[in-house]
>>> print(open('target_13.cif').read())   # mmCIF, C-alpha atoms and all ligand atoms
data_run
loop_
_atom_site.label_atom_id
_atom_site.label_comp_id
_atom_site.auth_asym_id
_atom_site.auth_seq_id
_atom_site.Cartn_x
_atom_site.Cartn_y
_atom_site.Cartn_z
CA MET A 7 0.00 0.00 0.00
CA LYS A 8 1.27 3.45 -0.81
CA LEU A 9 2.09 5.76 2.09
CA ARG A 10 -0.29 8.41 0.85
CA SER A 11 -3.23 6.01 1.10
CA LEU A 12 -2.11 4.92 4.58
CA ARG A 13 -2.17 8.53 5.58
CA VAL A 14 -5.76 8.84 4.44
CA SER A 15 -7.00 5.48 5.67
CA ILE A 16 -6.04 6.28 9.23
CA LEU A 17 -8.93 8.70 9.28
CA ALA A 18 -11.30 5.76 9.04
CA LEU A 19 -10.03 4.19 12.26
CA PRO A 20 -11.83 4.17 15.56
CA PHE A 21 -9.72 6.15 17.99
CA MET A 22 -8.68 5.05 21.43
CA LEU A 23 -6.22 7.83 22.12
CA PRO A 24 -5.48 8.58 25.74
CA LEU A 25 -6.75 12.00 26.73
CA ALA A 26 -4.03 14.32 27.81
CA LEU A 27 -3.89 15.16 31.46
CA ALA A 28 -3.31 18.76 30.52
CA GLY A 29 -1.32 21.15 32.60
CA ALA A 30 0.06 18.62 35.09
CA ALA A 31 3.14 20.75 35.81
CA VAL A 32 2.70 23.10 38.74
CA ALA A 33 3.71 26.71 38.08
CA SER A 34 6.57 27.63 40.36
CA ASP A 35 9.57 29.90 40.51
CA GLY A 36 11.51 27.59 42.80
CA PRO A 37 13.03 28.35 46.18
CA GLU A 38 14.29 31.75 47.29
CA ILE A 39 17.68 32.62 45.74
CA THR A 40 20.32 32.76 48.47
CA ASP A 41 24.14 32.84 48.24
CA GLU A 42 24.10 29.27 49.49
CA LEU A 43 21.79 28.14 46.70
CA VAL A 44 23.96 29.84 44.06
CA ALA A 45 27.09 28.20 45.51
CA LEU A 46 25.34 24.81 45.37
CA GLY A 47 24.40 25.50 41.73
CA GLU A 48 27.92 26.55 40.77
CA ALA A 49 29.45 23.38 42.22
CA SER A 50 26.80 21.24 40.55
CA TYR A 51 27.30 23.03 37.22
CA ALA A 52 31.07 22.44 37.29
CA ARG A 53 30.51 18.75 38.04
CA GLU A 54 27.51 17.93 35.81
CA CYS A 55 27.35 20.45 32.97
CA ALA A 56 30.67 22.17 32.19
CA ALA A 57 32.10 19.26 30.16
CA CYS A 58 29.49 20.01 27.49
CA HIS A 59 28.28 23.57 28.13
CA GLY A 60 31.70 25.01 29.05
CA VAL A 61 32.98 26.47 32.34
CA GLU A 62 31.66 29.92 31.35
CA GLY A 63 28.41 28.59 29.87
CA ASP A 64 29.48 29.46 26.33
CA GLY A 65 28.68 26.00 24.95
CA GLU A 66 32.37 25.25 24.33
CA GLY A 67 33.05 22.41 26.77
CA PRO A 68 35.61 19.77 25.70
CA ALA A 69 32.84 17.37 24.62
CA ALA A 70 30.97 20.00 22.56
CA HIS A 71 32.90 19.42 19.35
CA TYR A 72 31.62 15.87 19.06
CA LEU A 73 27.94 16.75 19.37
CA ASN A 74 25.25 17.78 16.91
CA PRO A 75 23.27 19.70 17.86
CA ARG A 76 25.92 21.32 20.02
CA PRO A 77 25.30 22.09 23.70
CA ARG A 78 23.52 25.39 24.23
CA ASN A 79 25.54 28.59 24.65
CA PHE A 80 23.79 30.01 27.74
CA GLN A 81 25.39 33.43 27.25
CA LEU A 82 23.04 34.01 24.28
CA ALA A 83 19.95 33.29 26.42
CA VAL A 84 18.09 31.73 23.47
CA TYR A 85 15.97 28.71 24.41
CA LYS A 86 14.16 26.17 22.27
CA LEU A 87 11.86 24.68 24.87
CA ARG A 88 9.60 27.44 26.14
CA SER A 89 6.02 27.93 27.22
CA THR A 90 6.51 31.61 26.27
CA PRO A 91 5.96 33.31 22.87
CA ASN A 92 8.49 33.38 20.06
CA GLY A 93 11.62 35.40 20.85
CA GLU A 94 10.88 35.68 24.58
CA LEU A 95 12.83 34.31 27.50
CA PRO A 96 11.68 30.99 28.94
CA THR A 97 10.08 30.81 32.39
CA LYS A 98 12.25 29.47 35.20
CA LEU A 99 9.98 26.43 35.25
CA ASP A 100 10.66 25.78 31.55
CA VAL A 101 14.40 25.57 32.24
CA TYR A 102 13.81 23.48 35.36
CA ASN A 103 11.71 21.02 33.32
CA THR A 104 14.41 20.74 30.65
CA ILE A 105 17.05 19.96 33.28
CA THR A 106 14.74 17.38 34.87
CA ASN A 107 13.66 15.67 31.64
CA GLY A 108 16.68 16.14 29.38
CA ILE A 109 16.20 16.53 25.62
CA GLU A 110 15.31 13.48 23.52
CA ASN A 111 17.09 13.17 20.17
CA SER A 112 20.11 14.98 21.58
CA MET A 113 22.96 14.33 24.02
CA MET A 114 21.36 16.50 26.72
CA PRO A 115 20.89 14.08 29.68
CA ALA A 116 18.00 14.07 32.18
CA PHE A 117 18.97 15.15 35.70
CA ALA A 118 15.85 13.98 37.54
CA SER A 119 18.09 12.16 40.01
CA LEU A 120 19.54 15.43 41.36
CA PRO A 121 17.68 16.86 44.38
CA GLU A 122 15.02 19.43 43.42
CA ASN A 123 16.85 22.19 45.21
CA GLU A 124 19.98 21.52 43.21
CA ARG A 125 18.04 21.59 39.92
CA TRP A 126 16.58 25.01 40.82
CA ALA A 127 20.09 26.16 41.75
CA LEU A 128 21.25 25.10 38.27
CA VAL A 129 18.41 27.10 36.69
CA GLU A 130 19.74 30.18 38.48
CA VAL A 131 23.37 29.56 37.47
CA ILE A 132 22.68 29.13 33.77
CA ARG A 133 20.35 32.15 33.74
CA ARG A 134 23.18 34.23 35.23
CA PHE A 135 25.46 33.18 32.32
CA GLY A 136 22.94 34.93 30.05
CA GLY A 137 22.53 37.94 32.34
CA ILE A 138 18.81 37.23 32.76
CA GLU A 139 18.55 36.41 36.46
CA GLU A 140 15.94 39.14 36.95
CA GLU A 141 13.77 38.37 33.94
CA GLN A 142 11.60 35.57 32.68
CA GLY A 143 8.96 35.34 29.96
CA GLU A 144 5.26 34.82 30.56
CA ALA A 145 3.75 31.46 29.64
CA ILE A 146 1.00 31.47 27.03
CA THR A 147 -2.44 30.19 28.00
CA VAL A 148 -3.18 26.78 26.53
CA SER A 149 -6.87 25.91 26.26
CA ALA A 150 -8.09 22.42 27.14
CA ARG A 151 -7.33 19.87 24.46
CA PRO A 152 -10.34 19.06 22.29
CA GLU A 153 -11.09 15.38 21.71
CA PRO A 154 -8.95 13.87 18.93
CA THR A 155 -12.01 13.14 16.83
CA LYS A 156 -11.86 12.11 13.18
CA ASP A 157 -12.90 15.64 12.19
CA SER A 158 -10.21 17.27 14.30
CA ILE A 159 -7.51 14.98 12.87
CA ALA A 160 -8.75 15.49 9.31
CA ASN A 161 -8.71 19.25 9.83
CA GLY A 162 -5.21 19.01 11.34
CA MET A 163 -4.04 17.38 8.14
CA LYS A 164 -5.56 20.24 6.12
CA VAL A 165 -3.89 22.86 8.34
CA TYR A 166 -0.59 20.99 7.93
CA ASP A 167 -0.99 21.39 4.17
CA ARG A 168 -2.17 25.01 4.31
CA LEU A 169 0.74 26.14 6.53
CA ASP A 170 3.16 24.16 4.38
CA CYS A 171 4.72 22.22 7.25
CA ALA A 172 5.56 19.74 4.47
CA SER A 173 8.20 22.08 2.99
CA CYS A 174 10.43 21.13 5.93
CA HIS A 175 8.83 18.07 7.56
CA GLY A 176 7.74 16.34 4.33
CA VAL A 177 4.22 15.45 3.19
CA GLU A 178 4.11 12.40 5.47
CA GLY A 179 6.09 14.07 8.28
CA TRP A 180 9.25 12.01 7.90
CA GLY A 181 11.43 15.14 8.14
CA ASN A 182 12.30 14.92 4.45
CA GLY A 183 10.76 18.09 2.99
CA ASP A 184 12.72 19.87 0.25
CA SER A 185 13.92 22.64 2.60
CA SER A 186 15.16 20.11 5.13
CA LEU A 187 18.15 19.52 2.85
CA THR A 188 19.54 22.98 3.56
CA LEU A 189 18.40 24.08 7.04
CA GLU A 190 20.75 25.80 9.49
CA ASN A 191 20.25 27.06 13.02
CA ASP A 192 21.32 30.51 14.29
CA ALA A 193 24.81 29.15 15.04
CA LYS A 194 25.10 28.12 11.36
CA GLU A 195 25.09 24.42 12.23
CA ARG A 196 23.39 22.05 9.83
CA VAL A 197 20.04 20.96 11.32
CA TRP A 198 17.17 18.83 10.10
CA ALA A 199 13.41 19.20 10.45
CA ALA A 200 12.14 16.80 13.11
CA ASN A 201 10.87 13.40 11.97
CA LEU A 202 7.24 13.61 13.11
CA GLN A 203 6.65 9.90 12.49
CA THR A 204 8.70 8.73 15.49
CA GLY A 205 6.51 10.25 18.20
CA VAL A 206 9.69 11.30 20.02
CA TYR A 207 10.01 15.03 20.58
CA LYS A 208 12.64 17.20 22.25
CA GLY A 209 10.09 18.91 24.44
CA GLY A 210 8.28 15.65 25.26
CA SER A 211 5.23 14.04 23.64
CA ASP A 212 2.62 15.47 26.03
CA PRO A 213 0.04 17.12 23.69
CA VAL A 214 0.24 20.35 25.73
CA GLU A 215 3.99 20.48 25.03
CA LEU A 216 3.41 19.87 21.32
CA TYR A 217 0.89 22.72 21.32
CA LYS A 218 3.52 25.05 22.81
CA ARG A 219 6.19 24.03 20.28
CA ILE A 220 3.87 24.79 17.36
CA ALA A 221 2.45 27.99 18.86
CA ASN A 222 5.78 29.36 20.12
CA GLY A 223 8.34 27.87 17.71
CA LEU A 224 11.79 26.63 18.70
CA ASP A 225 13.94 29.76 19.04
CA GLY A 226 17.39 29.60 17.48
CA THR A 227 16.19 27.01 14.92
CA PRO A 228 14.27 27.27 11.63
CA MET A 229 11.08 25.95 13.34
CA PRO A 230 8.71 28.97 13.18
CA SER A 231 5.99 30.09 15.58
CA TYR A 232 2.44 29.64 14.26
CA SER A 233 0.43 31.56 16.84
CA ALA A 234 -0.27 34.34 14.30
CA GLU A 235 -1.23 32.05 11.41
CA ALA A 236 -3.32 29.41 13.14
CA SER A 237 -6.15 29.69 15.68
CA PRO A 238 -5.90 27.77 18.97
CA GLN A 239 -8.43 25.27 17.57
CA GLU A 240 -6.30 24.79 14.45
CA ILE A 241 -3.15 24.27 16.52
CA TRP A 242 -4.99 21.63 18.55
CA ASP A 243 -6.16 19.97 15.32
CA LEU A 244 -2.52 19.87 14.21
CA VAL A 245 -1.50 18.31 17.54
CA ASN A 246 -4.27 15.73 17.24
CA TYR A 247 -3.08 14.94 13.72
CA LEU A 248 0.56 14.61 14.85
CA THR A 249 -0.37 12.19 17.62
CA VAL A 250 -1.71 9.65 15.10
CA LEU A 251 1.30 9.79 12.76
CA PRO A 252 3.47 7.38 14.83
CA GLU A 253 0.65 4.80 14.82
CA GLN A 254 0.61 5.05 11.08
CA ALA A 255 4.39 4.47 11.02
CA ALA A 256 4.01 1.39 13.23
CA TRP A 257 1.85 -0.28 10.55
C1 LIG B 301 26.73 15.26 27.39
C2 LIG B 301 26.59 16.67 27.12
C3 LIG B 301 25.69 17.50 28.01
C4 LIG B 301 25.70 17.63 29.38
C5 LIG B 301 26.57 16.90 30.37
C6 LIG B 301 24.70 18.63 29.70
N1 LIG B 301 24.09 19.08 28.55
FE1 LIG B 301 22.61 20.50 28.45
N2 LIG B 301 22.57 20.28 26.42
C7 LIG B 301 23.38 19.43 25.69
C8 LIG B 301 23.04 19.55 24.29
C9 LIG B 301 23.70 18.79 23.14
C10 LIG B 301 21.99 20.49 24.20
C11 LIG B 301 21.29 20.97 22.94
C12 LIG B 301 20.19 20.02 22.55
C13 LIG B 301 19.38 20.54 21.39
O1 LIG B 301 19.52 21.69 21.03
O2 LIG B 301 18.58 19.79 20.86
C14 LIG B 301 21.74 20.95 25.56
C15 LIG B 301 20.78 21.90 25.89
C16 LIG B 301 20.54 22.35 27.17
C17 LIG B 301 19.56 23.37 27.51
C18 LIG B 301 18.75 24.15 26.50
C19 LIG B 301 17.27 24.03 26.54
C20 LIG B 301 16.57 24.89 25.51
O3 LIG B 301 15.38 25.14 25.75
O4 LIG B 301 17.13 25.34 24.51
C21 LIG B 301 19.62 23.54 28.87
C22 LIG B 301 18.79 24.48 29.72
C23 LIG B 301 20.64 22.64 29.37
N3 LIG B 301 21.16 21.93 28.31
C24 LIG B 301 21.02 22.55 30.69
C25 LIG B 301 22.01 21.68 31.17
C26 LIG B 301 22.41 21.61 32.55
C27 LIG B 301 21.88 22.48 33.66
C28 LIG B 301 23.34 20.60 32.62
C29 LIG B 301 24.03 20.07 33.88
C30 LIG B 301 23.17 19.72 34.98
C31 LIG B 301 23.54 20.08 31.29
N4 LIG B 301 22.73 20.76 30.44
C32 LIG B 301 24.41 19.06 30.97
C33 LIG B 301 24.36 18.61 26.18
C34 LIG B 301 24.67 18.41 27.50
C1 LIG B 302 11.30 26.21 7.80
C2 LIG B 302 11.22 24.82 8.18
C3 LIG B 302 10.09 24.37 9.09
C4 LIG B 302 8.74 24.54 8.93
C5 LIG B 302 8.01 25.28 7.81
C6 LIG B 302 8.11 23.84 10.04
N1 LIG B 302 9.06 23.27 10.83
FE1 LIG B 302 8.70 22.15 12.49
N2 LIG B 302 10.71 21.99 12.81
C7 LIG B 302 11.69 22.48 11.97
C8 LIG B 302 12.98 22.14 12.52
C9 LIG B 302 14.33 22.49 11.90
C10 LIG B 302 12.76 21.44 13.72
C11 LIG B 302 13.81 20.87 14.66
C12 LIG B 302 14.37 21.98 15.53
C13 LIG B 302 15.42 21.44 16.48
O1 LIG B 302 15.14 20.50 17.21
O2 LIG B 302 16.52 21.98 16.48
C14 LIG B 302 11.31 21.36 13.86
C15 LIG B 302 10.68 20.72 14.90
C16 LIG B 302 9.30 20.51 15.00
C17 LIG B 302 8.66 19.73 16.02
C18 LIG B 302 9.35 18.98 17.15
C19 LIG B 302 9.30 19.69 18.48
C20 LIG B 302 10.07 18.91 19.54
O3 LIG B 302 9.71 19.03 20.73
O4 LIG B 302 11.01 18.18 19.19
C21 LIG B 302 7.32 19.73 15.75
C22 LIG B 302 6.22 19.03 16.51
C23 LIG B 302 7.14 20.53 14.56
N3 LIG B 302 8.36 20.99 14.12
C24 LIG B 302 5.91 20.75 13.94
C25 LIG B 302 5.72 21.58 12.84
C26 LIG B 302 4.43 21.91 12.28
C27 LIG B 302 3.12 21.34 12.77
C28 LIG B 302 4.66 22.78 11.25
C29 LIG B 302 3.66 23.49 10.40
C30 LIG B 302 2.56 24.18 11.09
C31 LIG B 302 6.10 22.97 11.17
N4 LIG B 302 6.71 22.24 12.14
C32 LIG B 302 6.74 23.76 10.22
C33 LIG B 302 11.50 23.18 10.80
C34 LIG B 302 10.28 23.58 10.30
#
>>> encode(input="target_13.cif", output="structure tokens")
Amino acid sequence: MKLRSLRVSILALPFMLPLALAGAAVASDGPEITDELVALGEASYARECAACHGVEGDGEGPAAHYLNPRPRNFQLAVYKLRSTPNGELPTKLDVYNTITNGIENSMMPAFASLPENERWALVEVIRRFGGIEEEQGEAITVSARPEPTKDSIANGMKVYDRLDCASCHGVEGWGNGDSSLTLENDAKERVWAANLQTGVYKGGSDPVELYKRIANGLDGTPMPSYSAEASPQEIWDLVNYLTVLPEQAAW
């Protein structure tokens, strides 16, 4: 069977998708910043992070040269994984979540085993590298996820076509669109559009996270923000469509 027809026939399936438990993360700014906490963070950073992100947070640790994508340069204060609009700083909680969960499809490890206090201390230290200890962005409001009905998924597929996601991600979402052959990030490294058929995402596969990636974009990369071009309903339809792609791949 041709892939194109698989893509269409999935719309005829009965759906048993788990409903997202939206908004499970509790909003928090972490503990009060004291000299002690910063000292804890600095020691932890030197031990756990500097080999990749560099002693000064410039992304030039000894291991950096072997990695693609390279470790983030915190001095630039540009973050991919945000709940805040395009071009804005992340919230402290965004950075905390990244440290806790790591980044799939990259060499960024998960540090869930470190005590919570120490993870918040690390948030503070890497924000200081970028000179943003006083500032953080404001998270967008994400409405409740509508049911992934056949109609919603079918509309998601239409929105995917209308917004030309295919130019980078490919018609079927395999990450093989024409533009994907030439993409670069802000640091002029060669990057590729994500393969949307794997169901593995840098910011996690929780539908609420996928919504934020599409609405807010991934700063520093060619992945644009679509909050101006698509309504919240349309972004949810896109998310609902994306969540069935990996099932299609499994066939
Ligand atoms: C083995 C190498 C390695 C180590 C060790 C490491 N990182 Fe990373 N980190 C990476 C890479 C690679 C990326 C970029 C991933 C990407 O862009 O997809 C990254 C990205 C990040 C980001 C960027 C998130 C965003 O939204 O753009 C943060 C924050 C971060 N790391 C924090 C840390 C902290 C804190 C530590 C230590 C506790 C640490 N990292 C240790 C490799 C590493
Ligand atoms: C100009 C090229 C381009 C276009 C157009 C584009 N993307 Fe992307 N997209 C990317 C790149 C590049 C990445 C990977 C960024 C990275 O991880 O460094 C990405 C990543 C993603 C991710 C993965 C997020 C994660 O957490 O890993 C999703 C989901 C996504 N895009 C959905 C879409 C959707 C939906 C559209 C259309 C509405 C779209 N993209 C349009 C280039 C593009």
>>> atom_distance(input="target_13.cif", atom1="CA of Thr104 in chain A", atom2="atom C33 of ligand LIG 302 (chain B)")
20.2 Å
>>> closest_residue(input="target_13.cif", among="A:Glu235, A:Met229, A:Thr97, A:Lys218", to="Ser185 in chain A", atoms="all atoms listed in the file")
A:Met229
>>> atom_distance(input="target_13.cif", atom1="CA of Val44 in chain A", atom2="CA of Val129 in chain A")
9.6 Å
>>> residues_around(input="target_13.cif", residues="range 135-144 of chain A", least_positions_apart="6", cutoff="7 Å", atoms="only C-alpha atoms", output="list in words")
Gly63, Phe80, Gln81, Leu82, Ala83, Thr90, Glu94, Leu95, Pro96, Thr97 and Lys98 of chain A
>>> write_last_selection(input="target_13.cif", atoms="C-alpha atoms", output="PDB file, in the frame of the given file")
ATOM      1  CA  GLY A  63      28.410  28.590  29.870  1.00  0.00           C
ATOM      2  CA  PHE A  80      23.790  30.010  27.740  1.00  0.00           C
ATOM      3  CA  GLN A  81      25.390  33.430  27.250  1.00  0.00           C
ATOM      4  CA  LEU A  82      23.040  34.010  24.280  1.00  0.00           C
ATOM      5  CA  ALA A  83      19.950  33.290  26.420  1.00  0.00           C
ATOM      6  CA  THR A  90       6.510  31.610  26.270  1.00  0.00           C
ATOM      7  CA  GLU A  94      10.880  35.680  24.580  1.00  0.00           C
ATOM      8  CA  LEU A  95      12.830  34.310  27.500  1.00  0.00           C
ATOM      9  CA  PRO A  96      11.680  30.990  28.940  1.00  0.00           C
ATOM     10  CA  THR A  97      10.080  30.810  32.390  1.00  0.00           C
ATOM     11  CA  LYS A  98      12.250  29.470  35.200  1.00  0.00           C
TER      12      LYS A  98
END
>>> axis_aligned_box(input="target_13.cif", around="ligand LIG 302 (chain B)", padding_each_side="3 Å", output="AutoDock Vina command-line options")
--center_x 9.5 --center_y 22.2 --center_z 14.3 --size_x 20.0 --size_y 14.0 --size_z 18.9
>>> residues_around(input="target_13.cif", residues="Pro77 in chain A", least_positions_apart="5", cutoff="12 Å", atoms="all atoms listed in the file", output="list in words")
Cys55, Ala56, Ala57, Cys58, His59, Gly60, Gly63, Asp64, Gly65, Glu66, Gly67, Pro68, Ala69, Ala70, His71, Tyr72, Tyr85, Lys86, Gly108, Ile109, Ser112, Met113, Met114, Pro115, Ala193 and Glu195 of chain A
>>> write_last_selection(input="target_13.cif", atoms="C-alpha atoms", output="PDB file, keeping the file's coordinate frame")
ATOM      1  CA  CYS A  55      27.350  20.450  32.970  1.00  0.00           C
ATOM      2  CA  ALA A  56      30.670  22.170  32.190  1.00  0.00           C
ATOM      3  CA  ALA A  57      32.100  19.260  30.160  1.00  0.00           C
ATOM      4  CA  CYS A  58      29.490  20.010  27.490  1.00  0.00           C
ATOM      5  CA  HIS A  59      28.280  23.570  28.130  1.00  0.00           C
ATOM      6  CA  GLY A  60      31.700  25.010  29.050  1.00  0.00           C
ATOM      7  CA  GLY A  63      28.410  28.590  29.870  1.00  0.00           C
ATOM      8  CA  ASP A  64      29.480  29.460  26.330  1.00  0.00           C
ATOM      9  CA  GLY A  65      28.680  26.000  24.950  1.00  0.00           C
ATOM     10  CA  GLU A  66      32.370  25.250  24.330  1.00  0.00           C
ATOM     11  CA  GLY A  67      33.050  22.410  26.770  1.00  0.00           C
ATOM     12  CA  PRO A  68      35.610  19.770  25.700  1.00  0.00           C
ATOM     13  CA  ALA A  69      32.840  17.370  24.620  1.00  0.00           C
ATOM     14  CA  ALA A  70      30.970  20.000  22.560  1.00  0.00           C
ATOM     15  CA  HIS A  71      32.900  19.420  19.350  1.00  0.00           C
ATOM     16  CA  TYR A  72      31.620  15.870  19.060  1.00  0.00           C
ATOM     17  CA  TYR A  85      15.970  28.710  24.410  1.00  0.00           C
ATOM     18  CA  LYS A  86      14.160  26.170  22.270  1.00  0.00           C
ATOM     19  CA  GLY A 108      16.680  16.140  29.380  1.00  0.00           C
ATOM     20  CA  ILE A 109      16.200  16.530  25.620  1.00  0.00           C
ATOM     21  CA  SER A 112      20.110  14.980  21.580  1.00  0.00           C
ATOM     22  CA  MET A 113      22.960  14.330  24.020  1.00  0.00           C
ATOM     23  CA  MET A 114      21.360  16.500  26.720  1.00  0.00           C
ATOM     24  CA  PRO A 115      20.890  14.080  29.680  1.00  0.00           C
ATOM     25  CA  ALA A 193      24.810  29.150  15.040  1.00  0.00           C
ATOM     26  CA  GLU A 195      25.090  24.420  12.230  1.00  0.00           C
TER      27      GLU A 195
END
>>> residues_near_ligand(input="target_13.cif", ligand="ligand LIG 302 (chain B)", cutoff="8 Å", atoms="all atoms listed in the file", output="PyMOL selection string")
chain A and resi 75+86-87+110-111+165-166+169-175+185-186+189-191+197-202+206-211+215-216+219-220+223-224+226-230+232+241+244-245+248
>>> residues_around(input="target_13.cif", residues="Ala221 in chain A", least_positions_apart="4", cutoff="7 Å", atoms="only C-alpha atoms", output="PDB file with C-alpha atoms, keeping the file's coordinate frame")
ATOM      1  CA  TYR A 217       0.890  22.720  21.320  1.00  0.00           C
ATOM      2  CA  SER A 231       5.990  30.090  15.580  1.00  0.00           C
ATOM      3  CA  TYR A 232       2.440  29.640  14.260  1.00  0.00           C
ATOM      4  CA  SER A 233       0.430  31.560  16.840  1.00  0.00           C
TER       5      SER A 233
END
>>> atom_distance(input="target_13.cif", atom1="CA of Gly183 in chain A", atom2="CA of Arg196 in chain A")
14.9 Å
>>> closest_residue(input="target_13.cif", among="A:Glu62, A:Thr204, A:Pro213, A:Lys164", to="Ala236 in chain A", atoms="all atoms listed in the file")
A:Lys164
>>> residues_near_point(input="target_13.cif", point="(-12.6, 24.4, 23.7)", cutoff="9 Å", atoms="all atoms listed in the file", output="list in words")
Ser149, Ala150, Arg151, Pro152, Pro238 and Gln239 of chain A
>>> write_last_selection(input="target_13.cif", atoms="C-alpha atoms", output="PDB file, in the coordinates of the input")
ATOM      1  CA  SER A 149      -6.870  25.910  26.260  1.00  0.00           C
ATOM      2  CA  ALA A 150      -8.090  22.420  27.140  1.00  0.00           C
ATOM      3  CA  ARG A 151      -7.330  19.870  24.460  1.00  0.00           C
ATOM      4  CA  PRO A 152     -10.340  19.060  22.290  1.00  0.00           C
ATOM      5  CA  PRO A 238      -5.900  27.770  18.970  1.00  0.00           C
ATOM      6  CA  GLN A 239      -8.430  25.270  17.570  1.00  0.00           C
TER       7      GLN A 239
END
>>> residues_around(input="target_13.cif", residues="range 120-128 of chain A", least_positions_apart="3", cutoff="7 Å", atoms="only C-alpha atoms", output="VMD selection string")
chain A and resid 36 43 to 44 46 to 47 51 102 105 117 131 to 132
>>> closest_residue(input="target_13.cif", among="A:Ala45, A:Val250, A:Ile39, A:Val61", to="Thr155 in chain A", atoms="all atoms listed in the file")
A:Val250
>>> decode(input="target_13.cif", residues="range 196-207 of chain A", atoms="N, CA, C and O atoms", output="PDB file, in the first residue's frame")
ATOM      1  N   ARG A 196      24.352  22.772  10.655  1.00  0.00           N
ATOM      2  CA  ARG A 196      23.390  22.051   9.833  1.00  0.00           C
ATOM      3  C   ARG A 196      22.365  21.392  10.759  1.00  0.00           C
ATOM      4  O   ARG A 196      22.745  20.666  11.672  1.00  0.00           O
ATOM      5  N   VAL A 197      21.079  21.651  10.542  1.00  0.00           N
ATOM      6  CA  VAL A 197      20.040  20.961  11.323  1.00  0.00           C
ATOM      7  C   VAL A 197      18.970  20.409  10.383  1.00  0.00           C
ATOM      8  O   VAL A 197      18.865  20.828   9.230  1.00  0.00           O
ATOM      9  N   TRP A 198      18.189  19.479  10.900  1.00  0.00           N
ATOM     10  CA  TRP A 198      17.166  18.830  10.104  1.00  0.00           C
ATOM     11  C   TRP A 198      15.801  19.048  10.740  1.00  0.00           C
ATOM     12  O   TRP A 198      15.683  19.130  11.964  1.00  0.00           O
ATOM     13  N   ALA A 199      14.777  19.112   9.913  1.00  0.00           N
ATOM     14  CA  ALA A 199      13.415  19.196  10.452  1.00  0.00           C
ATOM     15  C   ALA A 199      13.124  17.887  11.188  1.00  0.00           C
ATOM     16  O   ALA A 199      13.529  16.815  10.744  1.00  0.00           O
ATOM     17  N   ALA A 200      12.417  17.988  12.315  1.00  0.00           N
ATOM     18  CA  ALA A 200      12.138  16.796  13.112  1.00  0.00           C
ATOM     19  C   ALA A 200      11.358  15.761  12.293  1.00  0.00           C
ATOM     20  O   ALA A 200      10.530  16.114  11.465  1.00  0.00           O
ATOM     21  N   ASN A 201      11.655  14.488  12.541  1.00  0.00           N
ATOM     22  CA  ASN A 201      10.871  13.397  11.973  1.00  0.00           C
ATOM     23  C   ASN A 201       9.619  13.227  12.842  1.00  0.00           C
ATOM     24  O   ASN A 201       9.716  12.764  13.977  1.00  0.00           O
ATOM     25  N   LEU A 202       8.475  13.604  12.309  1.00  0.00           N
ATOM     26  CA  LEU A 202       7.242  13.613  13.106  1.00  0.00           C
ATOM     27  C   LEU A 202       6.586  12.239  13.149  1.00  0.00           C
ATOM     28  O   LEU A 202       5.532  12.064  13.748  1.00  0.00           O
ATOM     29  N   GLN A 203       7.198  11.257  12.493  1.00  0.00           N
ATOM     30  CA  GLN A 203       6.650   9.897  12.494  1.00  0.00           C
ATOM     31  C   GLN A 203       7.136   9.081  13.688  1.00  0.00           C
ATOM     32  O   GLN A 203       6.623   7.994  13.940  1.00  0.00           O
ATOM     33  N   THR A 204       8.137   9.552  14.403  1.00  0.00           N
ATOM     34  CA  THR A 204       8.704   8.726  15.488  1.00  0.00           C
ATOM     35  C   THR A 204       7.916   8.882  16.787  1.00  0.00           C
ATOM     36  O   THR A 204       7.971   8.005  17.651  1.00  0.00           O
ATOM     37  N   GLY A 205       7.211  10.001  16.942  1.00  0.00           N
ATOM     38  CA  GLY A 205       6.508  10.246  18.203  1.00  0.00           C
ATOM     39  C   GLY A 205       7.442  10.640  19.328  1.00  0.00           C
ATOM     40  O   GLY A 205       7.029  10.731  20.476  1.00  0.00           O
ATOM     41  N   VAL A 206       8.709  10.876  19.007  1.00  0.00           N
ATOM     42  CA  VAL A 206       9.689  11.300  20.023  1.00  0.00           C
ATOM     43  C   VAL A 206      10.042  12.756  19.751  1.00  0.00           C
ATOM     44  O   VAL A 206      10.454  13.100  18.643  1.00  0.00           O
ATOM     45  N   TYR A 207       9.808  13.596  20.761  1.00  0.00           N
ATOM     46  CA  TYR A 207      10.010  15.032  20.584  1.00  0.00           C
ATOM     47  C   TYR A 207      10.949  15.571  21.643  1.00  0.00           C
ATOM     48  O   TYR A 207      10.974  15.073  22.768  1.00  0.00           O
TER      49      TYR A 207
END
